Each structure stands twice: as C-alpha cells, then as structure tokens.
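Quick notes on the structure that follows.
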Amino acid sequence: MKCSVVIPTYNREELLRHTLNSLTRQTLPPDQFEVLIGDDGSSDGTKAMVDSFRDRLNLRYFFQEDLGHRAAQARNLGLSRASADITVLMDAGVLASTTFLEAHLASHASADVPLAVCGYVYCFNLDNEDAILILKAIDFANPDATIAKLERTGQWLDVREIFYARYGDDFADLPAPWLNYWTCNVSARTAQLHAVGMFDEQFRRWGGEDLDLGYRLHRDGARFVLNRAATAIHVPHPKSFDGNNDQAAENYRYMARKYGTPIIDLLPRIGELNFFELNDIIRELGLPQCNDYVAAQGQISG
C-alpha cells in the first residue's frame with residue numbers, strides 16, 4: 001500500500017459523500033491506498049453513508065463521542081492507524097482531482113529528504129462570500145472538468161496565491177513556510193507525522209492545529225513544497241469567519257504559551273498583522289529561526 005488518506009468529519013454526511021466519491025475516481029488503484037475516517041461524534045447518517053463505500057474503497061471508520069470540538073483528536077483516530085509510507089490529510093467536502101493521490105506520491109518519490117507537501121485548493125472562500133456561485137459552478141460528477149475550467153478562467157484560485165505571488169512557489173527557505181500547511185490538502189511521511197506527535201489534542205476550538213503540526217514538521221527537518229498538480233476543490237459549507245477567527249486566536253495564544261519562540265509569539269497578533277506577509281515581518285524584525293532560538297535557549301539553560 002502506497003498511501004493513507006486521513007479525513008476528519010462531524011455531521012457532514014453529504015460533504016463527506018462528495019469527498020469519498022472523488023476518491024473512487026483516483027488513477028491510483030484502490031488496492032494501493034486506504035481511507036481512514038475519524039468521526040468526532042456525528043449524529044447524522046455518516047456511518048451508514050461511509051459503509052456504502054466499502055465495496056469501492058479500502059475504508060476504516062473510527063468514532064468518538066461528541067464532547068465538543070475535537071477535530072485534532074478525530075484526525076488522530078485515523079492518523080494513528082495509518083499504515084502506508086505517505087499520509088495525505090484532507091477534509092470532508094474536499095473534492096480530489098483524479099490524479100490527486102498520484103501527484104502527492106510523486107512529490108515524495110522525487111525527494112531524498114522528508115517533505116511537507118501543500119496541495120492546491122480551488123474555491124476556498126474565507127467567508128463563504130461566493131458560496132452560491134461556486135456551488136453552481138462545481139460539477140460534482142467531474143471535478144477534473146471543473147478544475148480545468150477554473151484554471152482556464154482564473155476563477156476562485158487558491159486563496160494562498162497572494163502568498164505565492166509574494167514569495168514564489170519555492171518557499172521552503174522562508175522562516176515560517178509552515179504557515180501554508182493547511183490540512184484540507186497536504187501530505188507528509190507517515191513515520192515523521194507519528195514521530196512529531198501527530199495533532200495536538202489540546203486544540204479544542206476551530207483552527208490552528210494544522211499550523212501547529214506544520215511547525216513541528218518544520219522543526220523536525222521537513223522541507224515544504226507546493227505541488228500545483230495535487231489539485232482539489234473546497235466545497236462551500238456554512239461557517240462563521242469572525243467566529244472562526246476568534247477561536248483560532250485563542251489557539252494561537254495557546255501555541256505561544258507552548259513554544260515560547262519569537263516567531264510563534266507573532267501568531268496571536270495575526271488580527272493586526274497580514275497573515276500572508278508574516279514572513280516579511282519576521283525578517284524585518286530580525287527574529288531568529290525557531291530551531292536556532294531553541295538551540296540557543298538550550299545552551300543558556302545548560
């Protein structure tokens with residue numbers, strides 16, 4: 001088996017159905033990947049819907065009681081059991097292109113160092129501002145055709161194009177390349193994900209657990225790369241931009257307390273700083289690279 005796909009979910013039966021349908025169309029043969037679903041206590045028909053795919057996908061389903069927002073723990077339900085060399089992390093409601101998994105695997109096969117691969121995500125609206133138009137534009141039976149049209153017309157490109165325009169696609173040597181590690185569409189070596197402790201289950205609010213994982217991969221030597229061929233579509237769903245930001249802000253404060261490094265200390269200020277310009281701010285302030293800072297602090301305390 002070449003690839004493990006980990007998907008968390010919570011009362012998103014139809015969104016998850018779209019995601020699983022897209023995985024049945026992969027050019028990677030179905031016996032070469034597994035799909036592990038971590039359910040954070042769904043009370044809809046998620047379990048029965050997942051069971052309906054068992055004749056088409058190599059599926060494992062794990063359920064935990066609904067005790068509030070525990071997405072990090074739900075992710076770990078699957079990730080802790082991933083058995084392939086490479087794990088792809090995605091979300092319910094993400095439609096994979098047919099070559100999605102092969103593209104992720106190709107990035108890792110071409111490298112002799114551990115990678116943290118960031119895929120490309122169309123239609124990620126920060127505040128669902130174009131949700132109605134996007135839903136009309138998506139051909140759920142043919143994500144590839146939708147992606148081709150979006151690429152051709154330049155519509156609803158990955159929101160991180162602001163970042164790529166500023167720093168280029170080769171951003172691995174930035175002081176904080178992990179800011180792009182959004183787990184709606186990323187991958188890494190399974191052994192490294194396990195070695196760095198997987199997702200921090202202390203995250204009990206929306207947002208930040210993916211950046212926290214990316215930060216630890218960075219500290220562990222993973223090199224961050226963009227693979228534009230690992231394409232997917234983010235299907236709109238109800239959310240509160242301001243509410244999510246408030247929850248993420250508390251998670252960033254938690255990260256600052258946990259790590260205590262000058263770069264991480266900037267995260268709680270994201271509301272006043274431009275997220276996509278944070279690497280410039282780090283350089284302008286002359287902040288030490290995180291690993292250098294940790295090493296220096298160790299020498300001082302020693």
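Each chain in the structure tokens gets a letter, A, B, ..., in the order shown, and its residues are numbered from 1; ligands are numbered from 1 in order too.
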Find the residues around region 177-191 of chain A up to 8 Å (only C-alpha atoms counted), leave out those fewer than 3 positions away in its own chain, and share them as number ranges by chain.
A: 82-91, 94, 104, 108, 114-121, 160, 171-174, 194-195, 210-211, 214-215, 218, 224, 232
Resulting file, chosen residues, N, CA and C atoms, as a JSON list (two decimals), in the first residue's frame:
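Everything below was put into out.json:
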```json
[["chain", "number", "residue", "atom", "x", "y", "z"],
["A", 82, "ALA", "N", -2.65, 4.90, 10.44],
["A", 82, "ALA", "CA", -2.19, 4.92, 9.05],
["A", 82, "ALA", "C", -1.03, 3.96, 8.88],
["A", 83, "SER", "N", -1.06, 3.16, 7.82],
["A", 83, "SER", "CA", -0.06, 2.12, 7.65],
["A", 83, "SER", "C", 0.83, 2.31, 6.43],
["A", 84, "ALA", "N", 0.47, 3.22, 5.52],
["A", 84, "ALA", "CA", 1.29, 3.44, 4.32],
["A", 84, "ALA", "C", 2.45, 4.37, 4.61],
["A", 85, "ASP", "N", 3.41, 4.43, 3.71],
["A", 85, "ASP", "CA", 4.58, 5.28, 3.90],
["A", 85, "ASP", "C", 4.22, 6.76, 3.88],
["A", 86, "ILE", "N", 3.23, 7.12, 3.06],
["A", 86, "ILE", "CA", 2.82, 8.52, 2.90],
["A", 86, "ILE", "C", 1.38, 8.67, 3.37],
["A", 87, "THR", "N", 1.12, 9.75, 4.13],
["A", 87, "THR", "CA", -0.24, 10.07, 4.54],
["A", 87, "THR", "C", -0.67, 11.38, 3.91],
["A", 88, "VAL", "N", -1.84, 11.36, 3.28],
["A", 88, "VAL", "CA", -2.47, 12.56, 2.76],
["A", 88, "VAL", "C", -3.56, 12.97, 3.74],
["A", 89, "LEU", "N", -3.54, 14.23, 4.15],
["A", 89, "LEU", "CA", -4.53, 14.78, 5.06],
["A", 89, "LEU", "C", -5.48, 15.66, 4.26],
["A", 90, "MET", "N", -6.78, 15.41, 4.37],
["A", 90, "MET", "CA", -7.76, 16.23, 3.68],
["A", 90, "MET", "C", -9.00, 16.36, 4.56],
["A", 91, "ASP", "N", -9.97, 17.14, 4.13],
["A", 91, "ASP", "CA", -11.17, 17.39, 4.91],
["A", 91, "ASP", "C", -12.40, 16.88, 4.19],
["A", 94, "VAL", "N", -13.86, 18.20, 0.50],
["A", 94, "VAL", "CA", -12.79, 18.49, -0.46],
["A", 94, "VAL", "C", -12.89, 17.46, -1.58],
["A", 104, "HIS", "N", 0.52, 13.68, -5.10],
["A", 104, "HIS", "CA", 1.16, 13.74, -3.79],
["A", 104, "HIS", "C", 2.30, 12.73, -3.70],
["A", 108, "HIS", "N", 6.82, 13.10, -3.10],
["A", 108, "HIS", "CA", 7.65, 12.40, -2.12],
["A", 108, "HIS", "C", 8.66, 11.48, -2.80],
["A", 114, "PRO", "N", 12.69, 14.40, 3.81],
["A", 114, "PRO", "CA", 11.25, 14.39, 4.13],
["A", 114, "PRO", "C", 10.59, 15.69, 3.69],
["A", 115, "LEU", "N", 9.42, 15.56, 3.07],
["A", 115, "LEU", "CA", 8.69, 16.71, 2.57],
["A", 115, "LEU", "C", 7.40, 16.91, 3.34],
["A", 116, "ALA", "N", 6.97, 18.15, 3.40],
["A", 116, "ALA", "CA", 5.61, 18.51, 3.81],
["A", 116, "ALA", "C", 4.99, 19.14, 2.57],
["A", 117, "VAL", "N", 4.14, 18.40, 1.88],
["A", 117, "VAL", "CA", 3.61, 18.82, 0.59],
["A", 117, "VAL", "C", 2.29, 19.57, 0.78],
["A", 118, "CYS", "N", 2.22, 20.75, 0.19],
["A", 118, "CYS", "CA", 0.99, 21.54, 0.19],
["A", 118, "CYS", "C", 0.34, 21.40, -1.17],
["A", 119, "GLY", "N", -0.87, 20.85, -1.21],
["A", 119, "GLY", "CA", -1.59, 20.76, -2.47],
["A", 119, "GLY", "C", -2.28, 22.07, -2.80],
["A", 120, "TYR", "N", -2.95, 22.09, -3.94],
["A", 120, "TYR", "CA", -3.59, 23.31, -4.45],
["A", 120, "TYR", "C", -5.10, 23.17, -4.28],
["A", 121, "VAL", "N", -5.74, 24.19, -3.70],
["A", 121, "VAL", "CA", -7.16, 24.12, -3.36],
["A", 121, "VAL", "C", -7.94, 25.26, -4.02],
["A", 160, "ARG", "N", -4.22, 31.21, -1.30],
["A", 160, "ARG", "CA", -2.80, 31.44, -0.99],
["A", 160, "ARG", "C", -2.00, 31.95, -2.19],
["A", 171, "PHE", "N", 9.11, 28.15, -1.61],
["A", 171, "PHE", "CA", 9.11, 28.96, -0.40],
["A", 171, "PHE", "C", 9.70, 28.21, 0.80],
["A", 172, "ALA", "N", 10.36, 27.09, 0.57],
["A", 172, "ALA", "CA", 10.82, 26.23, 1.66],
["A", 172, "ALA", "C", 11.82, 26.92, 2.58],
["A", 173, "ASP", "N", 12.55, 27.89, 2.05],
["A", 173, "ASP", "CA", 13.59, 28.53, 2.86],
["A", 173, "ASP", "C", 13.11, 29.77, 3.60],
["A", 174, "LEU", "N", 11.82, 30.05, 3.56],
["A", 174, "LEU", "CA", 11.28, 31.13, 4.36],
["A", 174, "LEU", "C", 11.40, 30.78, 5.84],
["A", 194, "HIS", "N", 4.03, 10.61, 12.80],
["A", 194, "HIS", "CA", 3.96, 9.92, 14.09],
["A", 194, "HIS", "C", 5.08, 10.39, 15.02],
["A", 195, "ALA", "N", 6.25, 10.57, 14.47],
["A", 195, "ALA", "CA", 7.41, 10.93, 15.30],
["A", 195, "ALA", "C", 7.26, 12.29, 15.96],
["A", 210, "ASP", "N", -3.51, 22.56, 12.39],
["A", 210, "ASP", "CA", -2.71, 22.21, 11.22],
["A", 210, "ASP", "C", -1.41, 23.00, 11.18],
["A", 211, "LEU", "N", -1.46, 24.30, 11.53],
["A", 211, "LEU", "CA", -0.22, 25.08, 11.58],
["A", 211, "LEU", "C", 0.70, 24.55, 12.67],
["A", 214, "GLY", "N", 2.34, 21.59, 11.23],
["A", 214, "GLY", "CA", 3.32, 22.02, 10.25],
["A", 214, "GLY", "C", 4.57, 22.59, 10.90],
["A", 215, "TYR", "N", 4.38, 23.34, 11.97],
["A", 215, "TYR", "CA", 5.51, 23.92, 12.70],
["A", 215, "TYR", "C", 6.42, 22.83, 13.25],
["A", 218, "HIS", "N", 8.36, 21.26, 10.49],
["A", 218, "HIS", "CA", 9.45, 22.17, 10.13],
["A", 218, "HIS", "C", 10.62, 22.01, 11.10],
["A", 224, "PHE", "N", 9.19, 22.11, 2.98],
["A", 224, "PHE", "CA", 7.86, 22.43, 2.49],
["A", 224, "PHE", "C", 7.88, 22.74, 1.01],
["A", 232, "ALA", "N", -7.47, 20.12, -5.82],
["A", 232, "ALA", "CA", -8.74, 19.75, -5.20],
["A", 232, "ALA", "C", -9.65, 20.97, -5.17]]
```
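Residues in contact with Arg60 (chain A) at up to 10 Å, not including ones fewer than 6 positions away on its chain and judged by only C-alpha atoms, are Val6, Glu34, Val35, Leu36, Ile37, Gly38, Val50, Asp51, Arg54, Gly78, Arg81 and Ala82 of chain A.
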Take the residues that were just selected and, keeping C-alpha atoms, output them as a PDB file, in the first residue's frame.
```pdb
ATOM      1  CA  VAL A   6      -6.980  10.658   6.709  1.00  0.00           C
ATOM      2  CA  GLU A  34      -6.562   3.284   2.337  1.00  0.00           C
ATOM      3  CA  VAL A  35      -9.058   5.837   3.639  1.00  0.00           C
ATOM      4  CA  LEU A  36      -9.262   6.391   7.401  1.00  0.00           C
ATOM      5  CA  ILE A  37     -12.171   8.470   8.703  1.00  0.00           C
ATOM      6  CA  GLY A  38     -12.176   9.949  12.194  1.00  0.00           C
ATOM      7  CA  VAL A  50     -19.446   5.521   4.803  1.00  0.00           C
ATOM      8  CA  ASP A  51     -20.457   1.857   4.862  1.00  0.00           C
ATOM      9  CA  ARG A  54     -16.858  -0.238   1.417  1.00  0.00           C
ATOM     10  CA  GLY A  78      -7.160   7.870  11.613  1.00  0.00           C
ATOM     11  CA  ARG A  81      -3.593   3.850  12.424  1.00  0.00           C
ATOM     12  CA  ALA A  82      -2.186   4.924   9.050  1.00  0.00           C
TER      13      ALA A  82
END
```
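Across region 128-270 of chain A, DSSP run on the backbone finds strand (DSSP E) at Asn185, Val186, Ser187, Ala188, Arg189, Arg223, Phe224, Val225, Leu226, Asn227, Arg228, Ala229, Ala230, Thr231, Ala232, Ile233 and His234 of chain A.
Here CA of Glu13 (chain A) and CA of Trp156 (chain A) stand 24.5 Å from one another.
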Residues flagged alpha helix (DSSP H) by DSSP in region 160-294 of chain A, as JSON, numbers by chain:
{"A": [161, 162, 163, 164, 165, 166, 167, 190, 191, 192, 193, 194, 195, 209, 210, 211, 212, 213, 214, 215, 216, 217, 218, 219, 241, 242, 243, 244, 245, 246, 247, 248, 249, 250, 251, 252, 253, 254, 255, 256, 257, 258, 259, 278, 279, 280, 281, 282, 283, 284, 285, 290, 291, 292, 293, 294]}
